[in-house]
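Novice: One structure coming up, written as structure tokens, with questions to follow.
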Amino acid sequence: MTTTGPIRTAIETDLAALGTLTEALDGMDDALAEALDLISEMSGRLIVTGLGKSGHIGAKLAATFASTGTPAYFLHPAEASHGDLGMVQTDDVILALSWSGETRELSDVIGYAKRHSVSLVAITGSSDSTLARAANAALVLPKVREACPHNLAPTTSTLLQLALGDALAIALLQRRGFSEESFHSFHPGGTLGAALKRVDEIMIAGDDLPLVSQDTPVISALSVLSAKGQGIVGVTMQGQLQGVITDGDIRRYLENNAASTMKSALHETQASAVMTGGSVVLKPEMLVGEALRILQTRRISAAFVVSETGPVGLITMLRLLNRGAA
């Protein structure tokens, strides 16, 4: 067997199991609807719990729920039995993970939920288990063989727990109307945070904005182009953007007018004669990631940000990259 043989076999086992999970969703429809209703309508938090490998999956899912608009945290079942159950309130919902559904350490959590009427959602591999019977909504995963050749180490089973938990988080995200702007509020740092900022948060603005009116002489437009150092100048008429002048526009203009006198080419010609009209513009509320995509797709290095009142900012490729957008 080649080096990649066992890896390929394990991946194929997992992929087949995911296909089985997809097929099993129709049979889970009522339980899924109940689980989504309970979680989306709760006024408290989603308490995710599980032990061992299920616990590791649960901790990841709690982070995913929390970052996509569903308040959540992970509760270790052993710590729950030693005082942390006091953090669980009646307006919370508990999401418990256990492949067997008979994890002894979850018994105190289940008992607490019943005594205090805390809604319980289960993700388990056994419909007849203690956990499934106690749950308000039991999401029963299909029976699958582990990718482990001995069918012992939790591998494929934890993958199914993760897949279903992530799917719940995404369904809740959509139900809550969680937007790209919401993502920025929850992910202010790193590349994702940078991409989810608004254009008006990072744009060049105010006195640094390179603008001239359409009747400005070319020599004056060239002076602004050099002074602002952005490689582009916006040309306006009555405050509205009409076009842009770039370093390339100036070069082409001078090449095409090499026979003209310096006075005629630079002092007597207006900026409107040199500009390129119909330039790409961005909106202030646009996300930085979308602005980067537009600049890359159009193969341009800068674009003005325009509101109803006219140009209010400038975004350059260099500024996007320096601010962490990628």
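Residue numbering restarts at 1 for every chain of the structure tokens, chains are lettered A, B, ... in their displayed order, and ligands are numbered from 1 as they appear.
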DSSP says strand (DSSP E or B) for which residues of range 143-321 of chain A? Put them as an MDAnalysis selection string?

Specialist: chainID A and resid 198 204 211:213 217 232:237 240:246 270 276:277 281:282 287 302:307 310:316

Novice: Find the residues around range 211-225 of chain A up to 8 Å (only C-alpha atoms counted), leave out those fewer than 6 positions away in its own chain, and share them as a PyMOL selection string.

Specialist: chain A and resi 231-237+242+246-247+250+265-272+274

Novice: Quick one: everything within 10 Å of Ile300 in chain A, counting only C-alpha atoms, minus sequence neighbours fewer than 3 positions away in the same chain. Send it as number ranges by chain.

Specialist: A: 280, 294-297, 303, 316-317

Novice: Show which residues sit within 8 Å of range 17-21 of chain A, as a PDB file with N, CA, C and O atoms, in the first residue's frame. Count only C-alpha atoms, and ignore same-chain residues fewer than 6 positions away.

Specialist:
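Result file out01.pdb:
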```pdb
ATOM      1  N   LEU A 141     -27.763  11.030  14.711  1.00  0.00           N
ATOM      2  CA  LEU A 141     -26.879  10.848  13.566  1.00  0.00           C
ATOM      3  C   LEU A 141     -26.938   9.405  13.070  1.00  0.00           C
ATOM      4  O   LEU A 141     -27.183   8.485  13.862  1.00  0.00           O
ATOM      5  N   PRO A 142     -26.712   9.193  11.787  1.00  0.00           N
ATOM      6  CA  PRO A 142     -26.749   7.824  11.257  1.00  0.00           C
ATOM      7  C   PRO A 142     -25.575   6.996  11.780  1.00  0.00           C
ATOM      8  O   PRO A 142     -24.507   7.526  12.090  1.00  0.00           O
ATOM      9  N   VAL A 144     -22.447   4.986  11.535  1.00  0.00           N
ATOM     10  CA  VAL A 144     -21.369   4.920  10.547  1.00  0.00           C
ATOM     11  C   VAL A 144     -20.163   4.217  11.158  1.00  0.00           C
ATOM     12  O   VAL A 144     -20.010   4.152  12.379  1.00  0.00           O
ATOM     13  N   THR A 156     -14.819   9.510  12.320  1.00  0.00           N
ATOM     14  CA  THR A 156     -15.955   9.815  11.461  1.00  0.00           C
ATOM     15  C   THR A 156     -17.157  10.287  12.280  1.00  0.00           C
ATOM     16  O   THR A 156     -17.895  11.177  11.852  1.00  0.00           O
ATOM     17  N   LEU A 160     -19.241  13.928  11.845  1.00  0.00           N
ATOM     18  CA  LEU A 160     -20.677  14.123  11.672  1.00  0.00           C
ATOM     19  C   LEU A 160     -21.234  15.092  12.713  1.00  0.00           C
ATOM     20  O   LEU A 160     -22.098  15.927  12.412  1.00  0.00           O
TER      21      LEU A 160
END
```

Novice: What's the 7 Å shell around Ala137 in chain A, counting only C-alpha atoms, without same-chain residues fewer than 2 positions away, as a list in words?

Specialist: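 Here the answer would be Ala31, Glu34, Ala35, Leu120, Val121, Ala122, Ala135 and Leu139 of chain A.
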
Novice: Give me the residues near Asp128 in chain A as a list of chain:residue names, where near means some atom within 10 Å (using only C-alpha atoms) and where sequence neighbours in that chain fewer than 4 positions away do not count.

Specialist: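 Here the answer would be A:Ser100, A:Gly101, A:Glu102, A:Thr124, A:Ala132, A:Arg133, A:Val140.
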